[in-house]
Amino acid sequence: MKNRLLSLVLIISSLLCTKGTLLYSQSIELSIDSLIATKFQSDQPGGVFLASRQGKVIYKKAVGLANLELGVPMQTNHVFEIGSLSKQFTAIAIMMLLEEGKLGLDDPVTKYIPDYPTAGHSITIHHLLTHTSGVKDFTQVSGLNDIASIDKTPLELIDFFKNEPMDFPPGEQYKYNNSGYVLLGYIIEVVSGASYEDFINNQIFQKVGMTSSNYNSHSKVIKNRASGYQLKKEQLLN
């Protein structure tokens, strides 16, 4: 799903920046419709698309279904779980605290989580930000499916993976890592004195007018939330 959305965004962006015959022979709406139709069907998980040009919205449309079981059509006001796009907000929050002098990029994790096991290494905030920490990615830890649908506190999630063997010494390799950003999220709480949810909401969402953005929860009722679906590996191979 992520790859399909990214491909469409790149193609649509190219269309909007091009003054070729396609835009002159067809309306922008029809051009974008035809692109989206190659990836999304009306009876399958859908999405919401918006395009703007020179600050003006020129395309806004929902396609497909928001819930397959109930056959609910996607609407433009539906909200989505954004997955790893959350990492950019975590990184911004860390840099905000850095600017305030409340932490340093070379600070070790143990400065904020004293009992975190590091196997004798120094794991810094910089390592966590840049996916070079060597910490085991919790998505690769056995038992993840048992906790995937349960809301856990940051410390409970950290306890889930902290005793796993490291993949490599900090700084020696790059390996995309979700655990590092869980640790960063908790460090934000320790340094700011606020929950991660409150910090992101008060310091970012409210200040830039992101009124439809919220901290995700599996236990809360979130208005207009679209259901999420994931292709299994065998489906991707077909």
# chains A, B, ... in the order shown; residues from 1 in each chain; ligands from 1
>>> closest_atom_pairs(of="segment 79-174 of chain A", to="segment 181-205 of chain A", cutoff="9 Å", atoms="only C-alpha atoms", output="tab-separated table")
residue	atom	partner	partner_atom	distance
A:Lys87	CA	A:Tyr181	CA	6.7
A:Phe89	CA	A:Ile200	CA	7.3
A:Thr90	CA	A:Gly185	CA	6.4
A:Ala91	CA	A:Leu184	CA	8.1
A:Ile92	CA	A:Ile204	CA	8.8
A:Ala93	CA	A:Ile200	CA	7.2
A:Ile94	CA	A:Ile188	CA	6.7
A:Leu97	CA	A:Ser192	CA	7.8
A:Lys102	CA	A:Val191	CA	6.7
A:Leu103	CA	A:Val191	CA	7.5
A:Val109	CA	A:Leu183	CA	8.1
A:Tyr112	CA	A:Ile187	CA	6.2
A:Ile113	CA	A:Ile187	CA	7.8
A:Ile125	CA	A:Leu184	CA	7.3
A:Leu128	CA	A:Tyr181	CA	6.6
A:Leu129	CA	A:Tyr181	CA	7.2
A:His131	CA	A:Tyr181	CA	8.8
A:Pro154	CA	A:Tyr186	CA	5.9
A:Leu155	CA	A:Tyr186	CA	7.4
A:Leu157	CA	A:Val182	CA	7.8
A:Ile158	CA	A:Leu183	CA	7.1
>>> select_by_dssp(residues="segment 44-132 of chain A", states="strand (DSSP E)", output="count of residues only")
20
>>> atom_distance(atom1="atom CA of Pro169 of chain A", atom2="atom CA of His121 of chain A")
7.0 Å
>>> closest_residue(among="A:Thr118, A:Ser142, A:Ser217, A:Asn178", to="Met166 of chain A", atoms="only C-alpha atoms")
A:Thr118
>>> atom_distance(atom1="atom CA of Ile123 of chain A", atom2="atom CA of Glu172 of chain A")
11.5 Å
>>> closest_atom_pairs(of="segment 22-135 of chain A", to="segment 210-214 of chain A", cutoff="12 Å", atoms="only C-alpha atoms", output="JSON lines")
{"residue": "A:Thr76", "atom": "CA", "partner": "A:Ser212", "partner_atom": "CA", "distance": 11.9}
{"residue": "A:Asn77", "atom": "CA", "partner": "A:Ser212", "partner_atom": "CA", "distance": 8.9}
{"residue": "A:His78", "atom": "CA", "partner": "A:Ser212", "partner_atom": "CA", "distance": 9.5}
{"residue": "A:Val79", "atom": "CA", "partner": "A:Ser212", "partner_atom": "CA", "distance": 7.5}
{"residue": "A:Phe80", "atom": "CA", "partner": "A:Ser213", "partner_atom": "CA", "distance": 9.2}
{"residue": "A:Glu81", "atom": "CA", "partner": "A:Asn214", "partner_atom": "CA", "distance": 9.4}
{"residue": "A:Ile82", "atom": "CA", "partner": "A:Ser213", "partner_atom": "CA", "distance": 10.0}
{"residue": "A:Ser86", "atom": "CA", "partner": "A:Asn214", "partner_atom": "CA", "distance": 10.8}
{"residue": "A:Phe89", "atom": "CA", "partner": "A:Ser213", "partner_atom": "CA", "distance": 11.7}
>>> write_last_selection(atoms="all heavy atoms", output="PDB file, in the first residue's frame")
ATOM      1  N   THR A  76     -13.507  11.762   1.930  1.00  0.00           N
ATOM      2  CA  THR A  76     -12.338  12.640   2.026  1.00  0.00           C
ATOM      3  C   THR A  76     -12.027  13.069   3.452  1.00  0.00           C
ATOM      4  O   THR A  76     -10.926  13.552   3.723  1.00  0.00           O
ATOM      5  CB  THR A  76     -12.519  13.895   1.153  1.00  0.00           C
ATOM      6  OG1 THR A  76     -13.724  14.567   1.531  1.00  0.00           O
ATOM      7  CG2 THR A  76     -12.598  13.522  -0.325  1.00  0.00           C
ATOM      8  N   ASN A  77     -12.981  12.888   4.377  1.00  0.00           N
ATOM      9  CA  ASN A  77     -12.716  13.267   5.772  1.00  0.00           C
ATOM     10  C   ASN A  77     -12.299  12.075   6.624  1.00  0.00           C
ATOM     11  O   ASN A  77     -12.169  12.203   7.846  1.00  0.00           O
ATOM     12  CB  ASN A  77     -13.943  13.947   6.387  1.00  0.00           C
ATOM     13  CG  ASN A  77     -15.141  13.014   6.508  1.00  0.00           C
ATOM     14  OD1 ASN A  77     -15.218  12.004   5.806  1.00  0.00           O
ATOM     15  ND2 ASN A  77     -16.074  13.347   7.383  1.00  0.00           N
ATOM     16  N   HIS A  78     -12.069  10.918   6.015  1.00  0.00           N
ATOM     17  CA  HIS A  78     -11.583   9.780   6.779  1.00  0.00           C
ATOM     18  C   HIS A  78     -10.133  10.024   7.206  1.00  0.00           C
ATOM     19  O   HIS A  78      -9.375  10.701   6.509  1.00  0.00           O
ATOM     20  CB  HIS A  78     -11.672   8.495   5.955  1.00  0.00           C
ATOM     21  CG  HIS A  78     -13.014   7.844   6.022  1.00  0.00           C
ATOM     22  ND1 HIS A  78     -13.702   7.412   4.905  1.00  0.00           N
ATOM     23  CD2 HIS A  78     -13.820   7.553   7.070  1.00  0.00           C
ATOM     24  CE1 HIS A  78     -14.859   6.886   5.253  1.00  0.00           C
ATOM     25  NE2 HIS A  78     -14.956   6.962   6.562  1.00  0.00           N
ATOM     26  N   VAL A  79      -9.771   9.461   8.349  1.00  0.00           N
ATOM     27  CA  VAL A  79      -8.405   9.609   8.860  1.00  0.00           C
ATOM     28  C   VAL A  79      -7.731   8.242   8.850  1.00  0.00           C
ATOM     29  O   VAL A  79      -8.394   7.202   8.918  1.00  0.00           O
ATOM     30  CB  VAL A  79      -8.375  10.215  10.276  1.00  0.00           C
ATOM     31  CG1 VAL A  79      -8.939  11.625  10.270  1.00  0.00           C
ATOM     32  CG2 VAL A  79      -9.163   9.339  11.259  1.00  0.00           C
ATOM     33  N   PHE A  80      -6.402   8.257   8.779  1.00  0.00           N
ATOM     34  CA  PHE A  80      -5.640   7.029   8.594  1.00  0.00           C
ATOM     35  C   PHE A  80      -4.521   6.913   9.614  1.00  0.00           C
ATOM     36  O   PHE A  80      -3.973   7.909  10.065  1.00  0.00           O
ATOM     37  CB  PHE A  80      -4.994   7.019   7.196  1.00  0.00           C
ATOM     38  CG  PHE A  80      -5.967   7.157   6.064  1.00  0.00           C
ATOM     39  CD1 PHE A  80      -6.405   8.411   5.661  1.00  0.00           C
ATOM     40  CD2 PHE A  80      -6.434   6.035   5.396  1.00  0.00           C
ATOM     41  CE1 PHE A  80      -7.307   8.546   4.617  1.00  0.00           C
ATOM     42  CE2 PHE A  80      -7.321   6.158   4.354  1.00  0.00           C
ATOM     43  CZ  PHE A  80      -7.772   7.409   3.951  1.00  0.00           C
ATOM     44  N   GLU A  81      -4.181   5.673   9.944  1.00  0.00           N
ATOM     45  CA  GLU A  81      -2.955   5.427  10.698  1.00  0.00           C
ATOM     46  C   GLU A  81      -1.792   5.648   9.742  1.00  0.00           C
ATOM     47  O   GLU A  81      -1.756   5.074   8.654  1.00  0.00           O
ATOM     48  CB  GLU A  81      -2.944   3.995  11.237  1.00  0.00           C
ATOM     49  CG  GLU A  81      -4.061   3.720  12.231  1.00  0.00           C
ATOM     50  CD  GLU A  81      -4.016   2.310  12.798  1.00  0.00           C
ATOM     51  OE1 GLU A  81      -2.990   1.621  12.578  1.00  0.00           O
ATOM     52  OE2 GLU A  81      -4.983   1.903  13.452  1.00  0.00           O
ATOM     53  N   ILE A  82      -0.830   6.473  10.138  1.00  0.00           N
ATOM     54  CA  ILE A  82       0.233   6.849   9.201  1.00  0.00           C
ATOM     55  C   ILE A  82       1.511   6.041   9.388  1.00  0.00           C
ATOM     56  O   ILE A  82       2.500   6.258   8.681  1.00  0.00           O
ATOM     57  CB  ILE A  82       0.551   8.352   9.295  1.00  0.00           C
ATOM     58  CG1 ILE A  82       1.109   8.717  10.683  1.00  0.00           C
ATOM     59  CG2 ILE A  82      -0.671   9.180   8.957  1.00  0.00           C
ATOM     60  CD1 ILE A  82       1.594  10.156  10.771  1.00  0.00           C
ATOM     61  N   SER A  86       5.169   8.656  11.356  1.00  0.00           N
ATOM     62  CA  SER A  86       5.259   9.231  12.700  1.00  0.00           C
ATOM     63  C   SER A  86       6.703   9.576  13.070  1.00  0.00           C
ATOM     64  O   SER A  86       6.946  10.476  13.883  1.00  0.00           O
ATOM     65  CB  SER A  86       4.707   8.252  13.743  1.00  0.00           C
ATOM     66  OG  SER A  86       3.369   7.909  13.461  1.00  0.00           O
ATOM     67  N   PHE A  89       7.838  13.199  13.008  1.00  0.00           N
ATOM     68  CA  PHE A  89       7.384  14.037  14.117  1.00  0.00           C
ATOM     69  C   PHE A  89       8.250  13.791  15.357  1.00  0.00           C
ATOM     70  O   PHE A  89       8.540  14.726  16.113  1.00  0.00           O
ATOM     71  CB  PHE A  89       5.908  13.777  14.422  1.00  0.00           C
ATOM     72  CG  PHE A  89       4.990  14.168  13.300  1.00  0.00           C
ATOM     73  CD1 PHE A  89       4.491  13.226  12.424  1.00  0.00           C
ATOM     74  CD2 PHE A  89       4.653  15.498  13.102  1.00  0.00           C
ATOM     75  CE1 PHE A  89       3.667  13.582  11.376  1.00  0.00           C
ATOM     76  CE2 PHE A  89       3.822  15.875  12.061  1.00  0.00           C
ATOM     77  CZ  PHE A  89       3.327  14.910  11.188  1.00  0.00           C
TER      78      PHE A  89
END
>>> closest_residue(among="A:Thr132, A:Asn163, A:Ser42, A:Asn224", to="Gly180 of chain A", atoms="only C-alpha atoms")
A:Thr132
>>> residues_around(residues="Glu69 of chain A", least_positions_apart="6", cutoff="12 Å", atoms="only C-alpha atoms", output="compact mmCIF listing (two decimals) with C-alpha atoms, in the first residue's frame")
# COMPACT_ATOMS: atom_id res chain seq x y z
CA ASP A 43 -14.20 -2.73 -3.96
CA GLN A 44 -10.70 -2.75 -2.43
CA PRO A 45 -8.92 -0.77 0.34
CA ALA A 226 -10.44 4.10 8.09
CA SER A 227 -9.58 0.46 8.65
CA GLY A 228 -6.06 -0.66 7.76
CA TYR A 229 -5.17 -3.72 5.70
>>> residues_around(residues="Thr124 of chain A", least_positions_apart="4", cutoff="10 Å", atoms="only C-alpha atoms", output="compact mmCIF listing (two decimals) with all heavy atoms, in the first residue's frame")
# COMPACT_ATOMS: atom_id res chain seq x y z
N GLY A 104 21.36 16.52 24.07
CA GLY A 104 22.40 16.60 23.06
C GLY A 104 22.38 15.36 22.19
O GLY A 104 22.02 14.27 22.65
N LEU A 105 22.77 15.50 20.94
CA LEU A 105 22.74 14.36 20.03
C LEU A 105 23.74 13.27 20.43
O LEU A 105 23.56 12.10 20.09
CB LEU A 105 23.02 14.81 18.59
CG LEU A 105 21.98 15.74 17.97
CD1 LEU A 105 22.34 16.04 16.52
CD2 LEU A 105 20.57 15.13 18.04
N ASP A 106 24.78 13.66 21.16
CA ASP A 106 25.78 12.68 21.61
C ASP A 106 25.47 12.11 22.99
O ASP A 106 26.25 11.32 23.52
CB ASP A 106 27.17 13.31 21.61
CG ASP A 106 27.66 13.63 20.20
OD1 ASP A 106 27.31 12.87 19.27
OD2 ASP A 106 28.37 14.64 20.03
N ASP A 107 24.33 12.50 23.55
CA ASP A 107 23.94 11.95 24.84
C ASP A 107 23.66 10.46 24.71
O ASP A 107 23.00 10.03 23.76
CB ASP A 107 22.65 12.63 25.36
CG ASP A 107 22.88 14.06 25.80
OD1 ASP A 107 24.05 14.47 25.92
OD2 ASP A 107 21.87 14.77 25.99
N PRO A 108 24.14 9.65 25.65
CA PRO A 108 23.85 8.22 25.61
C PRO A 108 22.41 7.94 26.07
O PRO A 108 21.85 8.70 26.87
CB PRO A 108 24.86 7.63 26.58
CG PRO A 108 25.13 8.74 27.55
CD PRO A 108 25.04 10.01 26.74
N VAL A 109 21.86 6.86 25.58
CA VAL A 109 20.51 6.46 25.98
C VAL A 109 20.42 6.30 27.49
O VAL A 109 19.40 6.64 28.11
CB VAL A 109 20.13 5.14 25.27
CG1 VAL A 109 18.84 4.57 25.86
CG2 VAL A 109 19.97 5.35 23.78
N THR A 110 21.48 5.80 28.08
CA THR A 110 21.47 5.53 29.53
C THR A 110 21.38 6.80 30.38
O THR A 110 21.11 6.71 31.58
CB THR A 110 22.72 4.74 29.93
OG1 THR A 110 23.89 5.38 29.40
CG2 THR A 110 22.65 3.31 29.41
N LYS A 111 21.58 7.96 29.78
CA LYS A 111 21.40 9.20 30.52
C LYS A 111 19.92 9.39 30.86
O LYS A 111 19.58 10.00 31.88
CB LYS A 111 21.91 10.39 29.70
CG LYS A 111 21.73 11.74 30.38
CD LYS A 111 22.34 12.88 29.55
CE LYS A 111 22.15 14.22 30.23
NZ LYS A 111 22.77 15.34 29.47
N LEU A 128 20.21 6.60 17.35
CA LEU A 128 18.79 6.27 17.26
C LEU A 128 18.13 7.00 16.09
O LEU A 128 17.35 6.42 15.32
CB LEU A 128 18.07 6.62 18.56
CG LEU A 128 18.56 5.92 19.83
CD1 LEU A 128 17.79 6.43 21.05
CD2 LEU A 128 18.43 4.40 19.72
N LEU A 129 18.44 8.28 15.94
CA LEU A 129 17.85 9.09 14.87
C LEU A 129 18.23 8.57 13.49
O LEU A 129 17.42 8.62 12.56
CB LEU A 129 18.29 10.55 15.00
CG LEU A 129 17.63 11.40 16.07
CD1 LEU A 129 18.36 12.73 16.20
CD2 LEU A 129 16.15 11.64 15.74
N THR A 132 21.36 3.76 13.16
CA THR A 132 22.70 3.14 13.23
C THR A 132 23.00 2.62 14.64
O THR A 132 24.16 2.41 14.99
CB THR A 132 23.79 4.16 12.82
OG1 THR A 132 23.72 5.32 13.68
CG2 THR A 132 23.63 4.59 11.38
N SER A 133 21.97 2.42 15.45
CA SER A 133 22.17 2.05 16.85
C SER A 133 22.54 0.58 17.04
O SER A 133 23.19 0.21 18.02
CB SER A 133 20.92 2.34 17.67
OG SER A 133 19.85 1.48 17.28
N PRO A 170 27.01 -0.02 17.81
CA PRO A 170 26.48 1.28 17.37
C PRO A 170 27.43 2.01 16.44
O PRO A 170 28.64 2.06 16.67
CB PRO A 170 26.32 2.05 18.70
CG PRO A 170 26.15 0.97 19.72
CD PRO A 170 27.01 -0.16 19.28
N GLY A 171 26.88 2.55 15.37
CA GLY A 171 27.66 3.35 14.43
C GLY A 171 28.34 2.58 13.33
O GLY A 171 28.87 3.18 12.39
>>> atom_distance(atom1="atom CA of Asp137 of chain A", atom2="atom CA of Pro114 of chain A")
20.1 Å
>>> residues_around(residues="segment 47-58 of chain A", least_positions_apart="2", cutoff="8 Å", atoms="only C-alpha atoms", output="list in words")
Ile12, Leu16, Ile28, Glu29, Pro45, Lys60, Lys61, Ala62, Val63, Gly64, Leu65, Ala66, Met74, Gln75, Thr76 and His78 of chain A
>>> write_last_selection(atoms="N, CA and C atoms", output="PDB file, in the first residue's frame")
ATOM      1  N   ILE A  12       1.695  12.015  -9.961  1.00  0.00           N
ATOM      2  CA  ILE A  12       0.799  13.170  -9.940  1.00  0.00           C
ATOM      3  C   ILE A  12       1.601  14.458  -9.830  1.00  0.00           C
ATOM      4  N   LEU A  16       1.584  17.682 -12.470  1.00  0.00           N
ATOM      5  CA  LEU A  16       1.267  19.062 -12.105  1.00  0.00           C
ATOM      6  C   LEU A  16       2.390  20.018 -12.467  1.00  0.00           C
ATOM      7  N   ILE A  28      -7.233  18.105 -15.613  1.00  0.00           N
ATOM      8  CA  ILE A  28      -6.364  17.567 -14.574  1.00  0.00           C
ATOM      9  C   ILE A  28      -7.082  16.462 -13.799  1.00  0.00           C
ATOM     10  N   GLU A  29      -8.353  16.649 -13.551  1.00  0.00           N
ATOM     11  CA  GLU A  29      -9.109  15.662 -12.784  1.00  0.00           C
ATOM     12  C   GLU A  29      -9.132  14.312 -13.490  1.00  0.00           C
ATOM     13  N   PRO A  45      -9.347  -1.857  -0.541  1.00  0.00           N
ATOM     14  CA  PRO A  45      -8.918  -0.769   0.344  1.00  0.00           C
ATOM     15  C   PRO A  45      -8.550   0.458  -0.459  1.00  0.00           C
ATOM     16  N   LYS A  60      -9.358  16.767  -5.143  1.00  0.00           N
ATOM     17  CA  LYS A  60      -9.605  16.177  -3.829  1.00  0.00           C
ATOM     18  C   LYS A  60     -10.664  15.106  -4.003  1.00  0.00           C
ATOM     19  N   LYS A  61     -10.269  13.862  -3.779  1.00  0.00           N
ATOM     20  CA  LYS A  61     -11.205  12.777  -4.032  1.00  0.00           C
ATOM     21  C   LYS A  61     -10.838  11.541  -3.212  1.00  0.00           C
ATOM     22  N   ALA A  62     -11.870  10.793  -2.808  1.00  0.00           N
ATOM     23  CA  ALA A  62     -11.689   9.533  -2.106  1.00  0.00           C
ATOM     24  C   ALA A  62     -12.033   8.388  -3.053  1.00  0.00           C
ATOM     25  N   VAL A  63     -11.270   7.310  -2.974  1.00  0.00           N
ATOM     26  CA  VAL A  63     -11.525   6.146  -3.825  1.00  0.00           C
ATOM     27  C   VAL A  63     -11.488   4.877  -2.982  1.00  0.00           C
ATOM     28  N   GLY A  64     -12.174   3.829  -3.424  1.00  0.00           N
ATOM     29  CA  GLY A  64     -12.157   2.546  -2.739  1.00  0.00           C
ATOM     30  C   GLY A  64     -12.966   2.525  -1.460  1.00  0.00           C
ATOM     31  N   LEU A  65     -12.649   1.565  -0.604  1.00  0.00           N
ATOM     32  CA  LEU A  65     -13.408   1.351   0.625  1.00  0.00           C
ATOM     33  C   LEU A  65     -12.588   1.692   1.866  1.00  0.00           C
ATOM     34  N   ALA A  66     -13.282   2.220   2.872  1.00  0.00           N
ATOM     35  CA  ALA A  66     -12.656   2.504   4.164  1.00  0.00           C
ATOM     36  C   ALA A  66     -12.746   1.293   5.083  1.00  0.00           C
ATOM     37  N   MET A  74     -14.866   5.002   1.016  1.00  0.00           N
ATOM     38  CA  MET A  74     -13.928   5.996   1.535  1.00  0.00           C
ATOM     39  C   MET A  74     -14.483   7.401   1.321  1.00  0.00           C
ATOM     40  N   GLN A  75     -14.288   8.268   2.311  1.00  0.00           N
ATOM     41  CA  GLN A  75     -14.686   9.662   2.229  1.00  0.00           C
ATOM     42  C   GLN A  75     -13.453  10.545   2.429  1.00  0.00           C
ATOM     43  N   THR A  76     -13.507  11.762   1.930  1.00  0.00           N
ATOM     44  CA  THR A  76     -12.338  12.640   2.026  1.00  0.00           C
ATOM     45  C   THR A  76     -12.027  13.069   3.452  1.00  0.00           C
ATOM     46  N   HIS A  78     -12.069  10.918   6.015  1.00  0.00           N
ATOM     47  CA  HIS A  78     -11.583   9.780   6.779  1.00  0.00           C
ATOM     48  C   HIS A  78     -10.133  10.024   7.206  1.00  0.00           C
TER      49      HIS A  78
END
>>> closest_residue(among="A:Gly46, A:Ile150, A:Tyr174, A:Lys207", to="Asn67 of chain A", atoms="only C-alpha atoms")
A:Gly46
